[in-house]
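Novice: One structure, pasted below without further comment.
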Amino acid sequence: ALSRAQATEGAAAAPHRRFEYKYSFKGPHLVQADGTVPFWVHTGNAIPSADQIRITTSLKSQKGSVWTKNKSIFEYWEVEVTFRVTGRGRIGADGLAIWFTEEQGLEGPVFGAADKWNGVGIFFDSFDNDGKKNNPGVIVVGNNGKLLYDHQNDGSTQALASCQRDFRNKPYPVRVKITYYQKTLTVLINNGFTPDKEDYEFCAKVEDMVLPSQGYFGISAATGGLADDHDVLSFLTFQLTEPGKEAPTPDAEIPQKDKEKYQEEFEHFQQELDKKKEEFQREHPDVQGQPGKLFELFFNDVFETVSDRELRQIFEGQNRIHLEIKQLNRQLDMILDEQRKYVSAVTEEIAKRGAGFPGQQGQVSQQEIETVVKTQEEVIRQVKEIRSSVTDALRSISGAQHPGSAGVYETTQHFNDIKEHLHVVKRDIEHLVQRNMPASEKQKCPELPPFPSCLSTMHFFIFVAVQTVLFIGYVMYRSQQEAAAKKFF
């Protein structure tokens with residue numbers, strides 16, 4: 001009974017939490033089209049993306065931060081931050097900081113944010129400046145707007161509370177829960193060894209801490225000679241209300257200027273909506289006073305049935321086939337024109353050659369001429385057949401029949417046959433022209449120039465005599481050398 005009473009008392013004392021979306025961000029779709037984060041501003045080297053914000057990249061001397069655009073108007077709050085610090089080195093630098101300050105510290109020397117802040121900063125320091133081997137660590141530092149941060153000692157002389165936790169290169173993102181309730185600041189941390197989101201460990205606690213009633217939330221990071229990637233995956237803010245007190249209504253939290261602005265926009269939108277209603281009623285007088293019919297009309301305009309979709313797809317397919325056949329028809333017309341040009345050119349050439357060489361024409365090229373004429377007749381016949389098939393296909397499409405692919409395939413096959421016949425005709429014509437070319441116009445191989453005689457008969461005999469003498473002398477020298485070698489042995 002005592003335990004149940006204590007549990008009931010603890011549940012009754014728990015504050016009421018309300019999510020504040022204007023002071024939060026979380027992926028996916030975190031960034032808008034213009035590269036900004038809604039209700040937040042980023043500065044320095046911070047790079048927002050669809051699912052996270054990279055405060056600093058793993059480069060030397062980088063600084064970046066993100067801050068809320070508006071001040072919070074609630075006294076007590078709780079933030080849950082999910083981040084990841086990764087780097088190749090065994091030691092990282094410099095670190096990351098979570099802020100609640102009276103003014104935005106957009107840029108400065110304290111982990112990428114301004115010094116002399118009025119509020120509190122929770123620092124995740126990964127570089128050991130004082131050489132005490134107490135880093136990486138978490139340090140809570142308060143400031144009234146007059147103190148300078150002690151970098152050389154890692155803020156140990158100004159720390160209100162701290163704990164030593166390694167938050168670099170963890171298999172899962174590190175989660176931090178910071179609660180400020182009834183003038184008590186509590187820091188809980190999940191080291192990132194498990195995927196459990198609620199597996200928090202106690203890190204630090206500061207009592208009797210007075211913070212500004214209104215302030216900006218922010219998160220910043222910086223790198224020095226060493227570097228890490230500092231990525232923030234989410235920043236969730238909750239308003240805490242004491243038990244027995246009602247949370248302020250949304251109307252009470254909106255400033256008077258914003259209320260007037262929103263009211264003016266609402267009235268303008270209402271006027272535009274009334275105008276559209278009147279225009280619609282004038283265009284559709286038969287649906288006035290019939291909401292069901294109006295909804296049916298709207299539904300029919302926006303959505304389509306299965307049969308309508310099938311008919312639309314068939315109609316689109318027929319249109320595409322119609323366009324393809326029209327293209328083929330144009331190509332066939334071009335082929336017929338070229339064919340007529342070839343026939344006329346062949347006829348003129350035959351007439352010229354026949355007039356110039358009547359006897360030879362009848363003897364040499366009569367068979368070639370008959371072959372060319374037969375080929376031309378066959379090509380013209382096939383072209384006429386293709387044209388008739390194209391006309392039938394166009395007629396069937398205009399009658400809204402079901403599309404088929406056989407006609408297109410046959411047309412393509414006929415088109416390929418025409419190309420082959422054209423090649424044959426071209427080859428025959430070239431052969432015919434070469435055969436009928438006059439003897440004077442036939443190409444002859446160029447005659448080789450006479451080979452110049454550079455050696456006379458006298459020089460040749462002298463050269464042979466010298467070679468004979470040299471050869472005899474060499475033979476005699478070799479025989480003497482061999483005789484001398486035999487005497488030596």
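Convention: chains lettered A, B, ... in structure tokens order; per-chain residue numbering from 1; ligands numbered from 1 as shown.
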What's around range 173-188 of chain A at 9 Å? Count only C-alpha atoms, leave out sequence neighbours fewer than 4 positions away in its own chain, and write the answer as a ChimeraX atom specification.
Specialist: /A:15,75-85,122,140,167-169,192-193,195,197-198,200-211,233,240-242
Novice: Pull the strand (DSSP E or B) assignments for range 34-166 of chain A out of DSSP run on the backbone, and list those residues as an MDAnalysis selection string.
Specialist: chainID A and resid 40:44 47:48 53:56 63:68 72 76:86 95:101 110 113 118:125 137:144 159:163
Novice: Restricting the calculation to only C-alpha atoms: of A:Leu96, A:Val120, A:Ala159, A:Ala222, which residue gets closest to Gly142 in chain A?
Specialist: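 Once distances to Gly142 in chain A are computed over only C-alpha atoms, the minimum belongs to A:Val120.
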Novice: Report the residues of range 204-285 of chain A whose backbone DSSP state falls under alpha helix (DSSP H), written as a ChimeraX atom specification.
Specialist: /A:250-253,256-283
Novice: Would you mind exporting N, CA and C atoms of the selected residues as a short mmCIF file (atom, residue, chain, number, x, y, z; two decimals), in the first residue's frame?
Specialist:
data_model
loop_
_atom_site.label_atom_id
_atom_site.label_comp_id
_atom_site.auth_asym_id
_atom_site.auth_seq_id
_atom_site.Cartn_x
_atom_site.Cartn_y
_atom_site.Cartn_z
N PRO A 250 -2.88 28.12 -27.02
CA PRO A 250 -2.08 28.62 -28.16
C PRO A 250 -2.32 30.08 -28.47
N ASP A 251 -3.57 30.58 -28.22
CA ASP A 251 -3.84 32.00 -28.50
C ASP A 251 -3.04 32.90 -27.57
N ALA A 252 -2.85 32.44 -26.33
CA ALA A 252 -2.11 33.27 -25.38
C ALA A 252 -0.62 33.31 -25.70
N GLU A 253 -0.12 32.30 -26.41
CA GLU A 253 1.30 32.26 -26.72
C GLU A 253 1.66 33.05 -27.97
N GLN A 256 0.55 39.70 -30.22
CA GLN A 256 -0.58 40.43 -30.76
C GLN A 256 -0.36 40.77 -32.24
N LYS A 257 0.89 41.09 -32.61
CA LYS A 257 1.16 41.42 -34.02
C LYS A 257 0.94 40.20 -34.92
N ASP A 258 1.38 39.03 -34.43
CA ASP A 258 1.18 37.83 -35.23
C ASP A 258 -0.30 37.48 -35.33
N LYS A 259 -1.03 37.72 -34.23
CA LYS A 259 -2.49 37.46 -34.29
C LYS A 259 -3.16 38.31 -35.36
N GLU A 260 -2.82 39.60 -35.38
CA GLU A 260 -3.43 40.48 -36.38
C GLU A 260 -3.04 40.06 -37.80
N LYS A 261 -1.80 39.64 -37.97
CA LYS A 261 -1.35 39.20 -39.29
C LYS A 261 -2.10 37.95 -39.73
N TYR A 262 -2.20 36.97 -38.83
CA TYR A 262 -2.90 35.73 -39.17
C TYR A 262 -4.38 35.98 -39.42
N GLN A 263 -4.98 36.88 -38.65
CA GLN A 263 -6.39 37.19 -38.85
C GLN A 263 -6.63 37.85 -40.21
N GLU A 264 -5.73 38.74 -40.59
CA GLU A 264 -5.86 39.40 -41.89
C GLU A 264 -5.72 38.37 -43.02
N GLU A 265 -4.76 37.45 -42.89
CA GLU A 265 -4.62 36.41 -43.91
C GLU A 265 -5.84 35.50 -43.97
N PHE A 266 -6.41 35.19 -42.82
CA PHE A 266 -7.61 34.35 -42.80
C PHE A 266 -8.79 35.05 -43.47
N GLU A 267 -8.97 36.33 -43.20
CA GLU A 267 -10.07 37.05 -43.83
C GLU A 267 -9.88 37.11 -45.35
N HIS A 268 -8.64 37.35 -45.78
CA HIS A 268 -8.37 37.38 -47.22
C HIS A 268 -8.67 36.02 -47.85
N PHE A 269 -8.27 34.97 -47.19
CA PHE A 269 -8.55 33.63 -47.72
C PHE A 269 -10.05 33.35 -47.74
N GLN A 270 -10.77 33.81 -46.71
CA GLN A 270 -12.22 33.60 -46.66
C GLN A 270 -12.91 34.34 -47.80
N GLN A 271 -12.45 35.53 -48.10
CA GLN A 271 -13.05 36.28 -49.21
C GLN A 271 -12.80 35.59 -50.55
N GLU A 272 -11.60 35.10 -50.76
CA GLU A 272 -11.31 34.38 -51.99
C GLU A 272 -12.17 33.13 -52.11
N LEU A 273 -12.36 32.43 -50.99
CA LEU A 273 -13.18 31.23 -51.01
C LEU A 273 -14.63 31.56 -51.34
N ASP A 274 -15.16 32.65 -50.78
CA ASP A 274 -16.54 33.05 -51.10
C ASP A 274 -16.69 33.40 -52.57
N LYS A 275 -15.67 34.06 -53.13
CA LYS A 275 -15.75 34.41 -54.56
C LYS A 275 -15.77 33.15 -55.43
N LYS A 276 -14.95 32.19 -55.07
CA LYS A 276 -14.93 30.95 -55.84
C LYS A 276 -16.25 30.20 -55.71
N LYS A 277 -16.86 30.24 -54.53
CA LYS A 277 -18.16 29.59 -54.36
C LYS A 277 -19.22 30.24 -55.24
N GLU A 278 -19.22 31.56 -55.28
CA GLU A 278 -20.21 32.26 -56.11
C GLU A 278 -19.99 31.94 -57.59
N GLU A 279 -18.72 31.92 -58.03
CA GLU A 279 -18.45 31.60 -59.43
C GLU A 279 -18.89 30.17 -59.75
N PHE A 280 -18.67 29.26 -58.87
CA PHE A 280 -19.07 27.88 -59.11
C PHE A 280 -20.60 27.75 -59.16
N GLN A 281 -21.29 28.47 -58.28
CA GLN A 281 -22.76 28.41 -58.30
C GLN A 281 -23.33 29.02 -59.57
N ARG A 282 -22.68 30.07 -60.08
CA ARG A 282 -23.15 30.64 -61.35
C ARG A 282 -22.90 29.68 -62.51
N GLU A 283 -21.78 28.96 -62.49
CA GLU A 283 -21.49 28.03 -63.57
C GLU A 283 -22.30 26.74 -63.47
#
Novice: Just the residues within 8 Å of Ile53 in chain A, please, counting only C-alpha atoms, with nothing from its chain fewer than 2 positions along; format it as a PyMOL selection string.
Specialist: chain A and resi 46-49+51+55+231-233
Novice: Please, could you write that set of residues out with C-alpha atoms as an mmCIF file, in the first residue's frame?
Specialist:
data_model
loop_
_atom_site.group_PDB
_atom_site.id
_atom_site.type_symbol
_atom_site.label_atom_id
_atom_site.label_comp_id
_atom_site.auth_asym_id
_atom_site.auth_seq_id
_atom_site.Cartn_x
_atom_site.Cartn_y
_atom_site.Cartn_z
ATOM 1 C CA ALA A 46 26.508 24.084 -40.952
ATOM 2 C CA ILE A 47 25.007 22.063 -43.830
ATOM 3 C CA PRO A 48 21.330 21.006 -43.518
ATOM 4 C CA SER A 49 20.165 17.940 -45.431
ATOM 5 C CA ASP A 51 17.529 13.789 -42.567
ATOM 6 C CA ILE A 55 27.134 21.276 -37.903
ATOM 7 C CA ASP A 231 25.817 15.553 -37.139
ATOM 8 C CA VAL A 232 22.538 16.386 -35.375
ATOM 9 C CA LEU A 233 19.696 14.040 -36.317
#
Novice: Show me, as a PDB file with N, CA and C atoms, in the first residue's frame, the residues that have an atom within 10 Å of Ala227 in chain A when counting only C-alpha atoms, minus same-chain residues fewer than 4 positions from it.
Specialist:
ATOM      1  N   THR A  56      29.453  20.655 -38.375  1.00  0.00           N
ATOM      2  CA  THR A  56      30.783  20.852 -38.946  1.00  0.00           C
ATOM      3  C   THR A  56      31.198  19.565 -39.639  1.00  0.00           C
ATOM      4  N   THR A  57      31.965  19.722 -40.690  1.00  0.00           N
ATOM      5  CA  THR A  57      32.548  18.573 -41.384  1.00  0.00           C
ATOM      6  C   THR A  57      33.915  18.245 -40.774  1.00  0.00           C
ATOM      7  N   SER A  58      34.455  17.119 -41.147  1.00  0.00           N
ATOM      8  CA  SER A  58      35.741  16.679 -40.597  1.00  0.00           C
ATOM      9  C   SER A  58      36.889  17.381 -41.309  1.00  0.00           C
ATOM     10  N   LEU A  59      36.900  18.697 -41.206  1.00  0.00           N
ATOM     11  CA  LEU A  59      37.969  19.542 -41.722  1.00  0.00           C
ATOM     12  C   LEU A  59      38.482  20.436 -40.598  1.00  0.00           C
ATOM     13  N   LYS A  60      39.690  20.928 -40.748  1.00  0.00           N
ATOM     14  CA  LYS A  60      40.273  21.744 -39.702  1.00  0.00           C
ATOM     15  C   LYS A  60      39.645  23.129 -39.662  1.00  0.00           C
ATOM     16  N   SER A  61      39.549  23.685 -38.446  1.00  0.00           N
ATOM     17  CA  SER A  61      39.109  25.070 -38.217  1.00  0.00           C
ATOM     18  C   SER A  61      37.734  25.340 -38.817  1.00  0.00           C
ATOM     19  N   GLN A  62      36.769  24.496 -38.465  1.00  0.00           N
ATOM     20  CA  GLN A  62      35.387  24.669 -38.911  1.00  0.00           C
ATOM     21  C   GLN A  62      34.516  25.101 -37.731  1.00  0.00           C
ATOM     22  N   THR A  86      31.658  11.510 -35.305  1.00  0.00           N
ATOM     23  CA  THR A  86      32.486  10.467 -35.919  1.00  0.00           C
ATOM     24  C   THR A  86      33.748  11.092 -36.487  1.00  0.00           C
ATOM     25  N   GLY A  87      34.821  10.315 -36.431  1.00  0.00           N
ATOM     26  CA  GLY A  87      36.092  10.763 -36.976  1.00  0.00           C
ATOM     27  C   GLY A  87      37.050   9.600 -37.124  1.00  0.00           C
ATOM     28  N   ARG A  88      38.065   9.771 -37.967  1.00  0.00           N
ATOM     29  CA  ARG A  88      39.030   8.716 -38.214  1.00  0.00           C
ATOM     30  C   ARG A  88      40.086   8.617 -37.119  1.00  0.00           C
ATOM     31  N   GLY A  89      40.362   9.720 -36.462  1.00  0.00           N
ATOM     32  CA  GLY A  89      41.425   9.735 -35.473  1.00  0.00           C
ATOM     33  C   GLY A  89      40.999   9.118 -34.150  1.00  0.00           C
ATOM     34  N   ILE A  91      41.656  10.564 -31.384  1.00  0.00           N
ATOM     35  CA  ILE A  91      41.248  11.735 -30.613  1.00  0.00           C
ATOM     36  C   ILE A  91      40.541  12.698 -31.561  1.00  0.00           C
ATOM     37  N   GLY A  92      39.458  13.282 -31.089  1.00  0.00           N
ATOM     38  CA  GLY A  92      38.705  14.232 -31.899  1.00  0.00           C
ATOM     39  C   GLY A  92      38.799  15.634 -31.347  1.00  0.00           C
ATOM     40  N   ALA A  93      38.253  16.582 -32.081  1.00  0.00           N
ATOM     41  CA  ALA A  93      38.251  17.969 -31.630  1.00  0.00           C
ATOM     42  C   ALA A  93      37.236  18.752 -32.459  1.00  0.00           C
ATOM     43  N   ASP A  94      36.726  19.870 -31.928  1.00  0.00           N
ATOM     44  CA  ASP A  94      36.874  20.248 -30.525  1.00  0.00           C
ATOM     45  C   ASP A  94      35.698  19.701 -29.708  1.00  0.00           C
ATOM     46  N   GLY A  95      34.483  19.794 -30.287  1.00  0.00           N
ATOM     47  CA  GLY A  95      33.327  19.267 -29.608  1.00  0.00           C
ATOM     48  C   GLY A  95      32.050  19.927 -30.044  1.00  0.00           C
ATOM     49  N   ALA A 222      32.555  22.858 -33.277  1.00  0.00           N
ATOM     50  CA  ALA A 222      33.760  23.450 -33.838  1.00  0.00           C
ATOM     51  C   ALA A 222      34.844  22.381 -33.923  1.00  0.00           C
ATOM     52  N   THR A 223      35.791  22.601 -34.854  1.00  0.00           N
ATOM     53  CA  THR A 223      36.962  21.747 -34.992  1.00  0.00           C
ATOM     54  C   THR A 223      38.207  22.607 -34.937  1.00  0.00           C
TER      55      THR A 223
END
Novice: One decimal, in Å: what's the spacing between CA of Thr101 in chain A and CA of Gly215 in chain A?
Specialist: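 Interatomic distance here is 5.2 Å.
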Novice: Using CA of Phe238 in chain A and CA of Trp99 in chain A as the two end points, give the distance in Å to one decimal.
Specialist: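 CA of Trp99 in chain A lies 15.1 Å from CA of Phe238 in chain A.
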Novice: Show me, as a PyMOL selection string, the residues that have an atom within 8 Å of Asp199 in chain A when counting only C-alpha atoms, minus same-chain residues fewer than 3 positions from it.
Specialist: chain A and resi 190+194+196
Novice: Report as an MDAnalysis selection string all protein, DNA and RNA residues lying within 10 Å of range 152-154 of chain A, evaluated on only C-alpha atoms, omitting residues in the same chain fewer than 3 positions from it.
Specialist: chainID A and resid 123 125:132 134:135 137 139 149 157:159
